[in-house]
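Participant: I am sharing final_19.txt, which consists of compact mmCIF, N, CA and C atoms and all ligand atoms:
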```txt
# COMPACT_ATOMS: atom_id res chain seq x y z
N MET A 18 -17.98 -6.25 36.69
CA MET A 18 -18.28 -7.47 35.93
C MET A 18 -18.17 -7.19 34.43
N HIS A 19 -17.09 -7.69 33.87
CA HIS A 19 -16.73 -7.40 32.49
C HIS A 19 -17.82 -7.85 31.50
N GLU A 20 -18.32 -9.06 31.70
CA GLU A 20 -19.28 -9.61 30.74
C GLU A 20 -20.58 -8.82 30.70
N LEU A 21 -20.99 -8.25 31.84
CA LEU A 21 -22.20 -7.44 31.85
C LEU A 21 -22.01 -6.18 30.99
N ALA A 22 -20.85 -5.58 31.12
CA ALA A 22 -20.55 -4.41 30.31
C ALA A 22 -20.54 -4.76 28.82
N VAL A 23 -20.01 -5.93 28.50
CA VAL A 23 -20.00 -6.39 27.11
C VAL A 23 -21.43 -6.57 26.61
N CYS A 24 -22.27 -7.18 27.46
CA CYS A 24 -23.67 -7.38 27.11
C CYS A 24 -24.39 -6.06 26.86
N GLN A 25 -24.10 -5.10 27.72
CA GLN A 25 -24.77 -3.81 27.57
C GLN A 25 -24.38 -3.13 26.27
N ALA A 26 -23.10 -3.24 25.92
CA ALA A 26 -22.64 -2.67 24.65
C ALA A 26 -23.30 -3.38 23.47
N LEU A 27 -23.39 -4.70 23.60
CA LEU A 27 -24.05 -5.49 22.56
C LEU A 27 -25.51 -5.08 22.41
N LEU A 28 -26.18 -4.91 23.55
CA LEU A 28 -27.61 -4.61 23.52
C LEU A 28 -27.90 -3.21 22.98
N GLU A 29 -26.94 -2.31 23.13
CA GLU A 29 -27.14 -0.99 22.52
C GLU A 29 -27.32 -1.14 21.02
N LYS A 30 -26.49 -1.99 20.41
CA LYS A 30 -26.59 -2.23 18.97
C LYS A 30 -27.89 -2.95 18.64
N VAL A 31 -28.18 -3.99 19.42
CA VAL A 31 -29.37 -4.80 19.16
C VAL A 31 -30.64 -3.95 19.30
N GLU A 32 -30.66 -3.13 20.33
CA GLU A 32 -31.85 -2.30 20.56
C GLU A 32 -32.06 -1.29 19.44
N SER A 33 -31.00 -0.71 18.94
CA SER A 33 -31.18 0.27 17.88
C SER A 33 -31.73 -0.41 16.63
N ILE A 34 -31.34 -1.66 16.40
CA ILE A 34 -31.90 -2.41 15.27
C ILE A 34 -33.38 -2.68 15.51
N ALA A 35 -33.71 -3.10 16.74
CA ALA A 35 -35.10 -3.40 17.07
C ALA A 35 -35.97 -2.15 16.96
N LEU A 36 -35.46 -1.02 17.42
CA LEU A 36 -36.23 0.22 17.37
C LEU A 36 -36.48 0.66 15.94
N GLN A 37 -35.48 0.45 15.08
CA GLN A 37 -35.64 0.79 13.67
C GLN A 37 -36.81 0.04 13.04
N HIS A 38 -37.05 -1.18 13.54
CA HIS A 38 -38.11 -2.01 12.98
C HIS A 38 -39.34 -2.04 13.86
N ALA A 39 -39.33 -1.25 14.94
CA ALA A 39 -40.43 -1.22 15.89
C ALA A 39 -40.84 -2.62 16.32
N ALA A 40 -39.86 -3.41 16.68
CA ALA A 40 -40.10 -4.80 17.04
C ALA A 40 -39.35 -5.15 18.32
N THR A 41 -39.75 -6.25 18.93
CA THR A 41 -38.97 -6.77 20.04
C THR A 41 -38.04 -7.86 19.51
N VAL A 42 -37.06 -8.20 20.31
CA VAL A 42 -36.00 -9.11 19.86
C VAL A 42 -36.32 -10.53 20.27
N ASN A 43 -36.14 -11.44 19.36
CA ASN A 43 -36.36 -12.86 19.62
C ASN A 43 -35.04 -13.54 19.94
N THR A 44 -34.10 -13.44 19.01
CA THR A 44 -32.84 -14.16 19.16
C THR A 44 -31.68 -13.29 18.69
N VAL A 45 -30.63 -13.31 19.44
CA VAL A 45 -29.41 -12.61 19.06
C VAL A 45 -28.31 -13.64 18.89
N ARG A 46 -27.62 -13.58 17.76
CA ARG A 46 -26.51 -14.50 17.54
C ARG A 46 -25.21 -13.71 17.46
N ILE A 47 -24.25 -14.12 18.24
CA ILE A 47 -22.95 -13.46 18.20
C ILE A 47 -21.87 -14.51 18.02
N SER A 48 -20.72 -14.05 17.64
CA SER A 48 -19.58 -14.95 17.62
C SER A 48 -18.50 -14.38 18.53
N VAL A 49 -17.93 -15.24 19.33
CA VAL A 49 -16.93 -14.82 20.32
C VAL A 49 -15.61 -15.52 20.01
N GLY A 50 -14.59 -14.74 19.78
CA GLY A 50 -13.26 -15.30 19.53
C GLY A 50 -12.65 -15.81 20.82
N PRO A 51 -11.90 -16.90 20.73
CA PRO A 51 -11.27 -17.48 21.93
C PRO A 51 -10.28 -16.53 22.60
N LEU A 52 -9.80 -15.56 21.84
CA LEU A 52 -8.80 -14.63 22.39
C LEU A 52 -9.42 -13.28 22.75
N SER A 53 -10.75 -13.22 22.78
CA SER A 53 -11.43 -11.95 23.03
C SER A 53 -11.39 -11.57 24.50
N GLY A 54 -11.08 -12.52 25.37
CA GLY A 54 -11.11 -12.24 26.80
C GLY A 54 -12.51 -12.31 27.38
N VAL A 55 -13.47 -12.70 26.55
CA VAL A 55 -14.85 -12.82 27.01
C VAL A 55 -15.17 -14.30 27.22
N GLU A 56 -15.71 -14.62 28.38
CA GLU A 56 -16.05 -15.99 28.69
C GLU A 56 -17.51 -16.24 28.29
N PRO A 57 -17.75 -17.10 27.28
CA PRO A 57 -19.13 -17.29 26.78
C PRO A 57 -20.12 -17.67 27.88
N ALA A 58 -19.71 -18.52 28.83
CA ALA A 58 -20.64 -18.94 29.89
C ALA A 58 -21.06 -17.76 30.76
N LEU A 59 -20.12 -16.88 31.04
CA LEU A 59 -20.43 -15.70 31.85
C LEU A 59 -21.29 -14.72 31.06
N LEU A 60 -21.00 -14.64 29.77
CA LEU A 60 -21.78 -13.77 28.91
C LEU A 60 -23.23 -14.23 28.87
N GLN A 61 -23.39 -15.54 28.74
CA GLN A 61 -24.73 -16.13 28.70
C GLN A 61 -25.48 -15.83 30.00
N ARG A 62 -24.78 -15.84 31.12
CA ARG A 62 -25.41 -15.59 32.40
C ARG A 62 -25.75 -14.11 32.58
N ALA A 63 -24.90 -13.25 32.07
CA ALA A 63 -25.11 -11.81 32.24
C ALA A 63 -26.19 -11.28 31.29
N TYR A 64 -26.41 -11.99 30.20
CA TYR A 64 -27.29 -11.49 29.15
C TYR A 64 -28.71 -11.14 29.62
N PRO A 65 -29.40 -12.05 30.36
CA PRO A 65 -30.77 -11.70 30.79
C PRO A 65 -30.79 -10.47 31.70
N LEU A 66 -29.74 -10.29 32.49
CA LEU A 66 -29.68 -9.11 33.36
C LEU A 66 -29.60 -7.84 32.53
N ALA A 67 -28.75 -7.88 31.52
CA ALA A 67 -28.58 -6.71 30.67
C ALA A 67 -29.82 -6.45 29.83
N CYS A 68 -30.58 -7.51 29.55
CA CYS A 68 -31.77 -7.38 28.70
C CYS A 68 -32.97 -6.78 29.44
N ALA A 69 -32.97 -6.87 30.75
CA ALA A 69 -34.15 -6.46 31.52
C ALA A 69 -34.54 -5.03 31.18
N GLY A 70 -35.81 -4.86 30.81
CA GLY A 70 -36.31 -3.53 30.52
C GLY A 70 -35.97 -3.00 29.14
N THR A 71 -35.32 -3.82 28.32
CA THR A 71 -35.00 -3.38 26.96
C THR A 71 -35.90 -4.11 25.96
N ALA A 72 -35.78 -3.74 24.71
CA ALA A 72 -36.55 -4.40 23.64
C ALA A 72 -36.10 -5.85 23.47
N ALA A 73 -35.02 -6.21 24.10
CA ALA A 73 -34.48 -7.57 23.99
C ALA A 73 -34.84 -8.44 25.20
N GLN A 74 -35.67 -7.91 26.08
CA GLN A 74 -36.04 -8.68 27.27
C GLN A 74 -36.68 -10.00 26.85
N GLY A 75 -36.21 -11.09 27.42
CA GLY A 75 -36.74 -12.41 27.11
C GLY A 75 -36.16 -13.03 25.85
N SER A 76 -35.23 -12.36 25.21
CA SER A 76 -34.66 -12.92 23.99
C SER A 76 -33.56 -13.92 24.31
N ARG A 77 -33.23 -14.70 23.30
CA ARG A 77 -32.19 -15.71 23.46
C ARG A 77 -30.87 -15.20 22.92
N LEU A 78 -29.82 -15.64 23.54
CA LEU A 78 -28.47 -15.32 23.05
C LEU A 78 -27.82 -16.60 22.56
N LEU A 79 -27.44 -16.63 21.30
CA LEU A 79 -26.71 -17.77 20.75
C LEU A 79 -25.26 -17.34 20.54
N ILE A 80 -24.36 -18.15 21.04
CA ILE A 80 -22.95 -17.80 20.96
C ILE A 80 -22.21 -18.81 20.10
N ASP A 81 -21.69 -18.34 18.99
CA ASP A 81 -20.84 -19.18 18.15
C ASP A 81 -19.39 -19.01 18.56
N ALA A 82 -18.65 -20.08 18.55
CA ALA A 82 -17.22 -19.98 18.80
C ALA A 82 -16.54 -19.60 17.49
N ALA A 83 -15.86 -18.49 17.48
CA ALA A 83 -15.19 -18.03 16.26
C ALA A 83 -13.83 -18.70 16.15
N PRO A 84 -13.40 -18.97 14.93
CA PRO A 84 -12.06 -19.55 14.77
C PRO A 84 -10.98 -18.49 14.98
N VAL A 85 -9.80 -18.98 15.31
CA VAL A 85 -8.63 -18.10 15.34
C VAL A 85 -7.97 -18.16 13.98
N ARG A 86 -7.75 -16.99 13.37
CA ARG A 86 -7.11 -16.93 12.05
C ARG A 86 -5.83 -16.13 12.16
N VAL A 87 -4.81 -16.62 11.52
CA VAL A 87 -3.54 -15.89 11.49
C VAL A 87 -3.07 -15.73 10.04
N ARG A 88 -2.32 -14.65 9.81
CA ARG A 88 -1.66 -14.48 8.52
C ARG A 88 -0.16 -14.63 8.74
N CYS A 89 0.42 -15.45 7.90
CA CYS A 89 1.84 -15.78 8.04
C CYS A 89 2.70 -14.70 7.40
N ARG A 90 3.74 -14.28 8.14
CA ARG A 90 4.65 -13.26 7.59
C ARG A 90 5.66 -13.89 6.63
N ILE A 91 5.76 -15.20 6.66
CA ILE A 91 6.75 -15.87 5.83
C ILE A 91 6.16 -16.27 4.48
N CYS A 92 5.03 -17.01 4.52
CA CYS A 92 4.47 -17.49 3.26
C CYS A 92 3.19 -16.73 2.88
N ASP A 93 2.75 -15.82 3.72
CA ASP A 93 1.63 -14.92 3.45
C ASP A 93 0.29 -15.63 3.29
N SER A 94 0.15 -16.86 3.77
CA SER A 94 -1.16 -17.49 3.71
C SER A 94 -1.91 -17.21 5.00
N GLU A 95 -3.24 -17.21 4.87
CA GLU A 95 -4.09 -16.99 6.04
C GLU A 95 -4.74 -18.31 6.41
N THR A 96 -4.51 -18.76 7.65
CA THR A 96 -4.98 -20.09 8.05
C THR A 96 -5.58 -20.05 9.44
N ASP A 97 -6.32 -21.10 9.78
CA ASP A 97 -6.81 -21.28 11.15
C ASP A 97 -5.65 -21.66 12.05
N ALA A 98 -5.75 -21.27 13.32
CA ALA A 98 -4.71 -21.62 14.28
C ALA A 98 -5.36 -21.97 15.60
N GLN A 99 -4.60 -22.64 16.45
CA GLN A 99 -5.07 -22.92 17.80
C GLN A 99 -4.88 -21.66 18.65
N PRO A 100 -5.84 -21.41 19.57
CA PRO A 100 -5.73 -20.18 20.39
C PRO A 100 -4.43 -20.10 21.17
N ASN A 101 -3.88 -21.26 21.54
CA ASN A 101 -2.65 -21.24 22.34
C ASN A 101 -1.41 -21.52 21.51
N ARG A 102 -1.55 -21.66 20.18
CA ARG A 102 -0.42 -21.92 19.29
C ARG A 102 -0.68 -21.22 17.97
N LEU A 103 -0.25 -19.97 17.89
CA LEU A 103 -0.57 -19.17 16.70
C LEU A 103 0.44 -19.44 15.58
N LEU A 104 0.41 -20.70 15.12
CA LEU A 104 1.34 -21.09 14.06
C LEU A 104 0.65 -21.08 12.71
N CYS A 105 1.43 -20.83 11.67
CA CYS A 105 0.92 -20.92 10.31
C CYS A 105 0.64 -22.39 9.99
N SER A 106 -0.60 -22.67 9.56
CA SER A 106 -0.93 -24.06 9.23
C SER A 106 -0.33 -24.48 7.90
N SER A 107 0.11 -23.51 7.15
CA SER A 107 0.63 -23.81 5.83
C SER A 107 2.10 -24.20 5.88
N CYS A 108 2.92 -23.38 6.55
CA CYS A 108 4.36 -23.69 6.60
C CYS A 108 4.85 -23.95 8.01
N GLY A 109 3.99 -23.73 9.02
CA GLY A 109 4.38 -24.07 10.39
C GLY A 109 5.18 -23.00 11.10
N ASP A 110 5.39 -21.86 10.46
CA ASP A 110 6.18 -20.82 11.10
C ASP A 110 5.38 -20.11 12.20
N TRP A 111 6.11 -19.56 13.19
CA TRP A 111 5.45 -18.89 14.30
C TRP A 111 5.33 -17.40 14.06
N ARG A 112 5.94 -16.89 13.01
CA ARG A 112 5.88 -15.45 12.77
C ARG A 112 4.59 -15.08 12.02
N THR A 113 3.53 -14.99 12.81
CA THR A 113 2.21 -14.74 12.23
C THR A 113 1.58 -13.51 12.88
N ASP A 114 0.62 -12.93 12.21
CA ASP A 114 -0.18 -11.86 12.77
C ASP A 114 -1.61 -12.34 12.93
N LEU A 115 -2.20 -11.98 14.05
CA LEU A 115 -3.58 -12.38 14.32
C LEU A 115 -4.54 -11.63 13.39
N VAL A 116 -5.39 -12.36 12.68
CA VAL A 116 -6.37 -11.76 11.78
C VAL A 116 -7.75 -11.73 12.44
N ALA A 117 -8.11 -12.83 13.09
CA ALA A 117 -9.41 -12.91 13.75
C ALA A 117 -9.30 -13.86 14.93
N GLY A 118 -10.22 -13.71 15.87
CA GLY A 118 -10.20 -14.59 17.03
C GLY A 118 -10.16 -13.81 18.33
N ASP A 119 -9.94 -12.50 18.23
CA ASP A 119 -9.88 -11.70 19.46
C ASP A 119 -11.05 -10.72 19.51
N ASP A 120 -12.10 -11.01 18.73
CA ASP A 120 -13.19 -10.05 18.69
C ASP A 120 -14.55 -10.69 18.99
N LEU A 121 -15.51 -9.85 19.21
CA LEU A 121 -16.87 -10.29 19.47
C LEU A 121 -17.74 -9.63 18.41
N LEU A 122 -18.41 -10.45 17.61
CA LEU A 122 -19.16 -9.94 16.49
C LEU A 122 -20.64 -10.22 16.65
N LEU A 123 -21.44 -9.25 16.27
CA LEU A 123 -22.88 -9.45 16.22
C LEU A 123 -23.20 -10.06 14.86
N ILE A 124 -23.67 -11.31 14.85
CA ILE A 124 -23.89 -12.02 13.59
C ILE A 124 -25.28 -11.75 13.05
N SER A 125 -26.30 -11.90 13.90
CA SER A 125 -27.65 -11.65 13.41
C SER A 125 -28.58 -11.34 14.57
N VAL A 126 -29.67 -10.66 14.24
CA VAL A 126 -30.71 -10.36 15.22
C VAL A 126 -32.03 -10.78 14.60
N GLU A 127 -32.77 -11.62 15.30
CA GLU A 127 -34.08 -12.00 14.83
C GLU A 127 -35.13 -11.27 15.64
N LEU A 128 -36.05 -10.64 14.93
CA LEU A 128 -37.08 -9.83 15.58
C LEU A 128 -38.40 -10.59 15.60
N ASN A 129 -39.30 -10.15 16.48
CA ASN A 129 -40.58 -10.83 16.63
C ASN A 129 -41.66 -10.29 15.71
N LYS A 130 -41.33 -9.41 14.81
CA LYS A 130 -42.35 -8.69 14.07
C LYS A 130 -42.94 -9.47 12.90
N THR A 131 -42.10 -10.00 12.05
CA THR A 131 -42.60 -10.66 10.85
C THR A 131 -42.50 -12.18 10.99
N SER A 132 -43.27 -12.90 10.19
CA SER A 132 -43.22 -14.36 10.27
C SER A 132 -41.88 -14.88 9.78
N ALA A 133 -41.22 -14.12 8.93
CA ALA A 133 -39.95 -14.56 8.38
C ALA A 133 -38.91 -14.78 9.48
N VAL A 134 -38.90 -13.88 10.44
CA VAL A 134 -37.88 -14.00 11.47
C VAL A 134 -38.25 -15.06 12.50
N LEU A 135 -39.48 -15.57 12.42
CA LEU A 135 -39.89 -16.61 13.35
C LEU A 135 -39.64 -18.01 12.78
N SER A 136 -38.85 -18.07 11.75
CA SER A 136 -38.56 -19.36 11.12
C SER A 136 -37.88 -20.33 12.08
N LEU A 137 -37.24 -19.82 13.10
CA LEU A 137 -36.72 -20.70 14.14
C LEU A 137 -37.90 -21.30 14.89
N ALA A 138 -38.10 -22.60 14.80
CA ALA A 138 -39.30 -23.23 15.34
C ALA A 138 -39.26 -23.33 16.87
N SER A 139 -38.10 -23.52 17.40
CA SER A 139 -37.99 -23.81 18.84
C SER A 139 -37.90 -22.54 19.67
N VAL A 140 -38.91 -21.70 19.54
CA VAL A 140 -38.92 -20.46 20.31
C VAL A 140 -39.47 -20.74 21.70
N SER A 141 -38.66 -20.62 22.69
CA SER A 141 -39.12 -20.86 24.05
C SER A 141 -38.69 -19.73 24.96
N VAL A 142 -39.16 -18.55 24.66
CA VAL A 142 -38.80 -17.37 25.44
C VAL A 142 -39.94 -16.97 26.37
N ALA A 143 -39.81 -15.85 27.00
CA ALA A 143 -40.79 -15.41 27.99
C ALA A 143 -42.17 -15.21 27.36
N ASP A 144 -43.22 -15.23 28.20
CA ASP A 144 -44.59 -15.13 27.69
C ASP A 144 -44.85 -13.78 27.03
N LEU A 145 -43.99 -12.83 27.27
CA LEU A 145 -44.05 -11.55 26.55
C LEU A 145 -44.11 -11.81 25.05
N HIS A 146 -43.40 -12.85 24.59
CA HIS A 146 -43.32 -13.12 23.16
C HIS A 146 -44.18 -14.31 22.75
N ALA A 147 -44.76 -15.00 23.71
CA ALA A 147 -45.45 -16.25 23.41
C ALA A 147 -46.58 -16.04 22.41
N ARG A 148 -47.25 -14.89 22.50
CA ARG A 148 -48.40 -14.68 21.61
C ARG A 148 -47.99 -14.50 20.16
N THR A 149 -46.75 -14.13 19.91
CA THR A 149 -46.31 -13.99 18.53
C THR A 149 -45.54 -15.21 18.06
N ALA A 150 -45.21 -16.10 18.98
CA ALA A 150 -44.43 -17.27 18.60
C ALA A 150 -45.38 -18.41 18.24
N PRO A 151 -45.21 -19.02 17.07
CA PRO A 151 -46.10 -20.12 16.67
C PRO A 151 -45.93 -21.33 17.57
N GLY A 152 -46.97 -21.67 18.27
CA GLY A 152 -46.94 -22.87 19.11
C GLY A 152 -45.97 -22.79 20.25
N GLY A 153 -45.54 -21.61 20.60
CA GLY A 153 -44.49 -21.51 21.59
C GLY A 153 -44.99 -21.09 22.97
N ASN A 154 -46.24 -21.42 23.31
CA ASN A 154 -46.75 -20.97 24.61
C ASN A 154 -46.76 -22.09 25.65
N ASP A 155 -45.86 -23.03 25.49
CA ASP A 155 -45.74 -24.10 26.47
C ASP A 155 -44.65 -23.82 27.49
N VAL A 156 -44.30 -22.57 27.66
CA VAL A 156 -43.21 -22.19 28.56
C VAL A 156 -43.66 -22.32 30.01
ZN ZN B 1 3.37 -19.75 6.59
```
Show me, as structure tokens, the structure contained in the file I just sent.
Ligand SMILES: [Zn+2]

Facilitator:
Amino acid sequence: MHELAVCQALLEKVESIALQHAATVNTVRISVGPLSGVEPALLQRAYPLACAGTAAQGSRLLIDAAPVRVRCRICDSETDAQPNRLLCSSCGDWRTDLVAGDDLLLISVELNKTSAVLSLASVSVADLHARTAPGGNDV
């Protein structure tokens, strides 16, 4: 299961951040490129499995769709492109190089330790975190 392996790799990074701050993880935000070969829905499903027993257990995964960016070999501009049509938006040429859109990036990690990271009001995670979440014990 490819997505589970991706989640585990992601969680290695997330956990090392959490351990540095001696905190548990509230929310993880990543961006997934349409050409990354990772299916966001499957990733979302695999995430709680990969989280079990880690500092990220009960945390939320937010997945942003990353744009596809190409650089044109003809006019040298960098533009957004459709995942299935890697054309230069500036001059329309097809001779482009992929700049972004095939990667999975860790955007941010919110920890349960300080009030600053709890600025997200709609915390509805496991009761493990309910005591640190403001008003979030209606799970
Ligand atoms: Zn161009």

Participant: For chain A versus ligand ZN 1 (chain B), which residues have an atom no more than 9 Å away, and what is each residue's nearest atom pair and distance in Å rounded to one decimal, using only C-alpha atoms and all ligand atoms, chain-then-number order, as a tab-separated table?

Facilitator:
```
residue	atom	partner	partner_atom	distance
A:Arg88	CA	B:ZN1	ZN	7.5
A:Cys89	CA	B:ZN1	ZN	4.5
A:Arg90	CA	B:ZN1	ZN	6.7
A:Ile91	CA	B:ZN1	ZN	5.2
A:Cys92	CA	B:ZN1	ZN	4.2
A:Asp93	CA	B:ZN1	ZN	6.0
A:Ser94	CA	B:ZN1	ZN	5.8
A:Glu95	CA	B:ZN1	ZN	8.0
A:Thr96	CA	B:ZN1	ZN	8.5
A:Leu104	CA	B:ZN1	ZN	7.9
A:Cys105	CA	B:ZN1	ZN	4.6
A:Ser106	CA	B:ZN1	ZN	6.6
A:Ser107	CA	B:ZN1	ZN	5.0
A:Cys108	CA	B:ZN1	ZN	4.1
A:Gly109	CA	B:ZN1	ZN	5.8
A:Asp110	CA	B:ZN1	ZN	5.4
A:Trp111	CA	B:ZN1	ZN	8.0
A:Arg112	CA	B:ZN1	ZN	7.9
A:Thr113	CA	B:ZN1	ZN	7.6
```

Participant: For the atom pair atom C of Lys30 (chain A) and atom C of Pro100 (chain A), what is the interatomic distance in Å to one decimal place?

Facilitator: 29.2 Å

Participant: By how many Å are CA of Leu79 (chain A) and atom C of His38 (chain A) apart?

Facilitator: 21.3 Å

Participant: Measuring atom to atom with only N, CA and C atoms, identify which of A:Ile80, A:Ile124, A:Gly118, A:Asn101 is nearest to Gln61 (chain A).

Facilitator: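 Residue with the minimum atom-to-atom distance to Gln61 (chain A): A:Ile80.
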
Participant: Name the residues, using the chain letters and numbers of the file, that sit within 8 Å of (-11.8, -15.4, 13.7) when counting all atoms listed in the file, and give them as JSON, numbers by chain.

Facilitator: {"A": [49, 50, 51, 82, 83, 84, 85, 86, 87, 116, 117, 118, 119, 120]}

Participant: Can you measure CA of Leu60 (chain A) to atom N of Glu127 (chain A) for me? One decimal in Å is fine.

Facilitator: 17.6 Å

Participant: Considering all atoms listed in the file, can you say which of A:Leu123, A:Cys24, A:Val45, A:Ala58 comes closest to Ser76 (chain A)?

Facilitator: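 That would be A:Val45, the residue with the smallest distance to Ser76 (chain A).
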
Participant: Would you please give, as a JSON list (two decimals) with N, CA and C atoms, keeping the file's coordinate frame, all residues of region 86-117 of chain A that DSSP assigns to strand (DSSP E or B) based on the backbone?

Facilitator:
```
[["chain", "number", "residue", "atom", "x", "y", "z"],
["A", 86, "ARG", "N", -7.75, -16.99, 13.37],
["A", 86, "ARG", "CA", -7.11, -16.93, 12.05],
["A", 86, "ARG", "C", -5.83, -16.13, 12.16],
["A", 87, "VAL", "N", -4.81, -16.62, 11.52],
["A", 87, "VAL", "CA", -3.54, -15.89, 11.49],
["A", 87, "VAL", "C", -3.07, -15.73, 10.04],
["A", 88, "ARG", "N", -2.32, -14.65, 9.81],
["A", 88, "ARG", "CA", -1.66, -14.48, 8.52],
["A", 88, "ARG", "C", -0.16, -14.63, 8.74],
["A", 89, "CYS", "N", 0.42, -15.45, 7.90],
["A", 89, "CYS", "CA", 1.84, -15.78, 8.04],
["A", 89, "CYS", "C", 2.70, -14.70, 7.40],
["A", 95, "GLU", "N", -3.24, -17.21, 4.87],
["A", 95, "GLU", "CA", -4.09, -16.99, 6.04],
["A", 95, "GLU", "C", -4.74, -18.31, 6.41],
["A", 96, "THR", "N", -4.51, -18.76, 7.65],
["A", 96, "THR", "CA", -4.98, -20.09, 8.05],
["A", 96, "THR", "C", -5.58, -20.05, 9.44],
["A", 97, "ASP", "N", -6.32, -21.10, 9.78],
["A", 97, "ASP", "CA", -6.81, -21.28, 11.15],
["A", 97, "ASP", "C", -5.65, -21.66, 12.05],
["A", 98, "ALA", "N", -5.75, -21.27, 13.32],
["A", 98, "ALA", "CA", -4.71, -21.62, 14.28],
["A", 98, "ALA", "C", -5.36, -21.97, 15.60],
["A", 99, "GLN", "N", -4.60, -22.64, 16.45],
["A", 99, "GLN", "CA", -5.07, -22.92, 17.80],
["A", 99, "GLN", "C", -4.88, -21.66, 18.65],
["A", 102, "ARG", "N", -1.55, -21.66, 20.18],
["A", 102, "ARG", "CA", -0.42, -21.92, 19.29],
["A", 102, "ARG", "C", -0.68, -21.22, 17.97],
["A", 113, "THR", "N", 3.53, -14.99, 12.81],
["A", 113, "THR", "CA", 2.21, -14.74, 12.23],
["A", 113, "THR", "C", 1.58, -13.51, 12.88],
["A", 114, "ASP", "N", 0.62, -12.93, 12.21],
["A", 114, "ASP", "CA", -0.18, -11.86, 12.77],
["A", 114, "ASP", "C", -1.61, -12.34, 12.93],
["A", 115, "LEU", "N", -2.20, -11.98, 14.05],
["A", 115, "LEU", "CA", -3.58, -12.38, 14.32],
["A", 115, "LEU", "C", -4.54, -11.63, 13.39],
["A", 116, "VAL", "N", -5.39, -12.36, 12.68],
["A", 116, "VAL", "CA", -6.37, -11.76, 11.78],
["A", 116, "VAL", "C", -7.75, -11.73, 12.44],
["A", 117, "ALA", "N", -8.11, -12.83, 13.09],
["A", 117, "ALA", "CA", -9.41, -12.91, 13.75],
["A", 117, "ALA", "C", -9.30, -13.86, 14.93]]
```

Participant: Among chain A, which ones does DSSP assign to alpha helix (DSSP H) (computed from the backbone)? Answer as a PyMOL selection string.

Facilitator: chain A and resi 19-37+57-68+144-147
